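Asker: One structure, pasted below without further comment.
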Amino acid sequence: MQGVLALPLAERTWFVREVKMISNDDLLKEVSLKELTELSDFEGSKSINQAVIDDSKNDALAYIGSFVKIPVNPTHLLKDIAVNLTVIELKKRNNFPKEALKDQLEKIDALLLKMASKKIPTEQSDDETPTQKLRAFRHIQTRIDLKGLNG
């Protein structure tokens with residue numbers, strides 16, 4: 001997602017950084033080209049209206065930003081949430097029934113709340129290698145004498 005975070009200060013705008021989270025290719029993995037064209041084309045020109053898509057992406061990014069700080073290197077789950085929110089926003093603009101979108105929004109809200117409480121990570125780091133954690137008792141090499149137990 002492309003956008004610019006800006007801070008208005010004394011009628012000047014300071015650009016903090018450019019935010020890229022999802023692209024049209026990510027949207028095309030979720031919906032078909034025909035559906036994306038139908039959702040974004042308000043004029044009936046049968047082509048993708050990039051301004052409508054960018055506006056929906058920015059709305060999705062603002063919604064995610066209301067829960068968590070937007071990371072520089074987001075996880076795949078956060079990217080999927082951004083894609084789903086963008087598609088939902090496009091459907092809302094086309095007067096899609098809100099009842100059909102309610103379940104998806106509830107699931108997304110639950111995930112974002114978990115991310116806000118740091119239960120689910122929002123940023124992936126490249127230096128992080130997966131480690132196998134021991135979740136059971138470690139057995140010692142010496143055997144236990146159980147002869148006197150059964151009498």
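In the structure tokens, the first chain shown is A, the next is B, and so on; residue numbers restart at 1 for each chain, and ligands run from 1 in the order shown.
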Find the residues around A:Glu35 up to 12 Å (only C-alpha atoms counted), leave out those fewer than 4 positions away in its own chain, and share them as a VMD selection string.
Answerer: chain A and resid 27 to 31 39 to 41 46 to 48 87 90 to 91 94
Asker: Give me, as a ChimeraX atom specification, the residues of stretch 10-113 of chain A that a backbone DSSP run labels helix (DSSP H, G or I).
Answerer: /A:24-30,33-40,50-65,76-93,98-113
Asker: A:Asn84, A:Thr37, A:Asn24, A:Thr75: which is nearest A:Asp126, counting only C-alpha atoms?
Answerer: A:Thr75
Asker: Write out as a compact mmCIF listing (two decimals) with N, CA, C and O atoms, in the first residue's frame each polymer residue whose atoms come within 12 Å of A:His76, counting only C-alpha atoms; drop sequence neighbours fewer than 4 positions from it.
Answerer:
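Final output, saved to part-v7.txt:
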# COMPACT_ATOMS: atom_id res chain seq x y z
N MET A 21 2.41 -1.05 1.91
CA MET A 21 2.03 -2.29 2.55
C MET A 21 1.51 -3.31 1.54
O MET A 21 1.96 -4.44 1.52
N ILE A 22 0.59 -2.89 0.68
CA ILE A 22 0.05 -3.81 -0.32
C ILE A 22 0.05 -3.13 -1.68
O ILE A 22 0.12 -1.92 -1.78
N ASP A 26 -1.27 -7.81 -4.83
CA ASP A 26 -1.81 -8.45 -3.63
C ASP A 26 -3.34 -8.51 -3.68
O ASP A 26 -3.95 -9.49 -3.25
N PRO A 71 3.97 -0.97 10.80
CA PRO A 71 5.39 -1.33 10.76
C PRO A 71 6.01 -1.11 9.38
O PRO A 71 5.31 -1.02 8.37
N ASP A 80 -2.42 -9.46 4.72
CA ASP A 80 -3.71 -10.07 4.37
C ASP A 80 -4.87 -9.28 4.94
O ASP A 80 -5.90 -9.11 4.29
N ILE A 81 -4.70 -8.78 6.16
CA ILE A 81 -5.74 -7.96 6.77
C ILE A 81 -5.93 -6.67 5.96
O ILE A 81 -7.06 -6.25 5.71
N ALA A 82 -4.83 -6.07 5.53
CA ALA A 82 -4.92 -4.85 4.73
C ALA A 82 -5.62 -5.12 3.39
O ALA A 82 -6.43 -4.30 2.93
N VAL A 83 -5.32 -6.24 2.76
CA VAL A 83 -5.97 -6.60 1.50
C VAL A 83 -7.46 -6.81 1.72
O VAL A 83 -8.29 -6.28 0.96
N ILE A 120 -0.05 -11.06 18.94
CA ILE A 120 0.32 -11.45 17.59
C ILE A 120 1.29 -10.39 17.08
O ILE A 120 1.02 -9.19 17.18
N PRO A 121 2.44 -10.80 16.53
CA PRO A 121 3.41 -9.79 16.04
C PRO A 121 2.90 -9.09 14.79
O PRO A 121 2.17 -9.66 13.99
N THR A 122 3.33 -7.83 14.64
CA THR A 122 2.95 -7.05 13.47
C THR A 122 4.10 -6.85 12.51
O THR A 122 3.89 -6.54 11.35
N GLU A 123 5.32 -7.02 13.00
CA GLU A 123 6.49 -6.78 12.17
C GLU A 123 7.36 -8.02 12.16
O GLU A 123 7.62 -8.63 13.20
N GLN A 124 7.81 -8.38 10.97
CA GLN A 124 8.72 -9.52 10.87
C GLN A 124 10.14 -9.00 10.70
O GLN A 124 10.37 -8.03 10.01
N SER A 125 11.04 -9.67 11.36
CA SER A 125 12.43 -9.27 11.23
C SER A 125 13.19 -10.36 10.49
O SER A 125 12.92 -11.54 10.64
Asker: Between atom CA of A:Lys119 and atom CA of A:Leu61, what is the distance, to one decimal in Å?
Answerer: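 Atom CA of A:Leu61 lies at a distance of 20.2 Å from atom CA of A:Lys119.
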Asker: For A:Ile70, list every protein, DNA or RNA residue within 10 Å, evaluated using only C-alpha atoms, and leave out those in the same chain fewer than 3 positions away; present the list as a list in words.
Answerer: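 Answer for this query is Val19, Lys20, Met21, Leu61, Ala62, Ile64, Gly65, Ser66, Phe67, Asn73, Pro74, Leu78, Thr122 and Glu123 of chain A.
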Asker: Just to be explicit: take each residue in the selection above, keep C-alpha atoms, and write the result as an mmCIF file, in the first residue's frame.
Answerer:
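New file selection_19.cif:
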data_model
loop_
_atom_site.group_PDB
_atom_site.id
_atom_site.type_symbol
_atom_site.label_atom_id
_atom_site.label_comp_id
_atom_site.auth_asym_id
_atom_site.auth_seq_id
_atom_site.Cartn_x
_atom_site.Cartn_y
_atom_site.Cartn_z
ATOM 1 C CA VAL A 19 4.198 3.686 3.631
ATOM 2 C CA LYS A 20 4.001 0.663 1.330
ATOM 3 C CA MET A 21 2.031 -2.295 2.554
ATOM 4 C CA LEU A 61 -4.271 1.631 6.338
ATOM 5 C CA ALA A 62 -5.888 4.303 8.525
ATOM 6 C CA ILE A 64 -5.214 -0.594 10.845
ATOM 7 C CA GLY A 65 -3.311 2.422 12.171
ATOM 8 C CA SER A 66 -6.083 3.060 14.674
ATOM 9 C CA PHE A 67 -5.208 -0.278 16.305
ATOM 10 C CA ASN A 73 8.224 -4.620 7.447
ATOM 11 C CA PRO A 74 4.704 -6.011 8.159
ATOM 12 C CA LEU A 78 -1.083 -7.913 8.553
ATOM 13 C CA THR A 122 2.945 -7.054 13.467
ATOM 14 C CA GLU A 123 6.492 -6.779 12.167
#
Asker: What's the separation between atom CA of A:Asn49 and atom CA of A:Ile88, in Å to one decimal place?
Answerer: 16.3 Å
Asker: Would you mind telling me which residue in A:Val68, A:Leu85, A:Leu33, A:Val52 lies nearest to A:Lys118 when using only C-alpha atoms?
Answerer: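 Of all the options, A:Val68 lies closest to A:Lys118.
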Asker: What is the atom CA of A:Lys57 to atom CA of A:Thr86 distance in Å?
Answerer: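 Rounded to one decimal, the two atoms are 5.3 Å apart.
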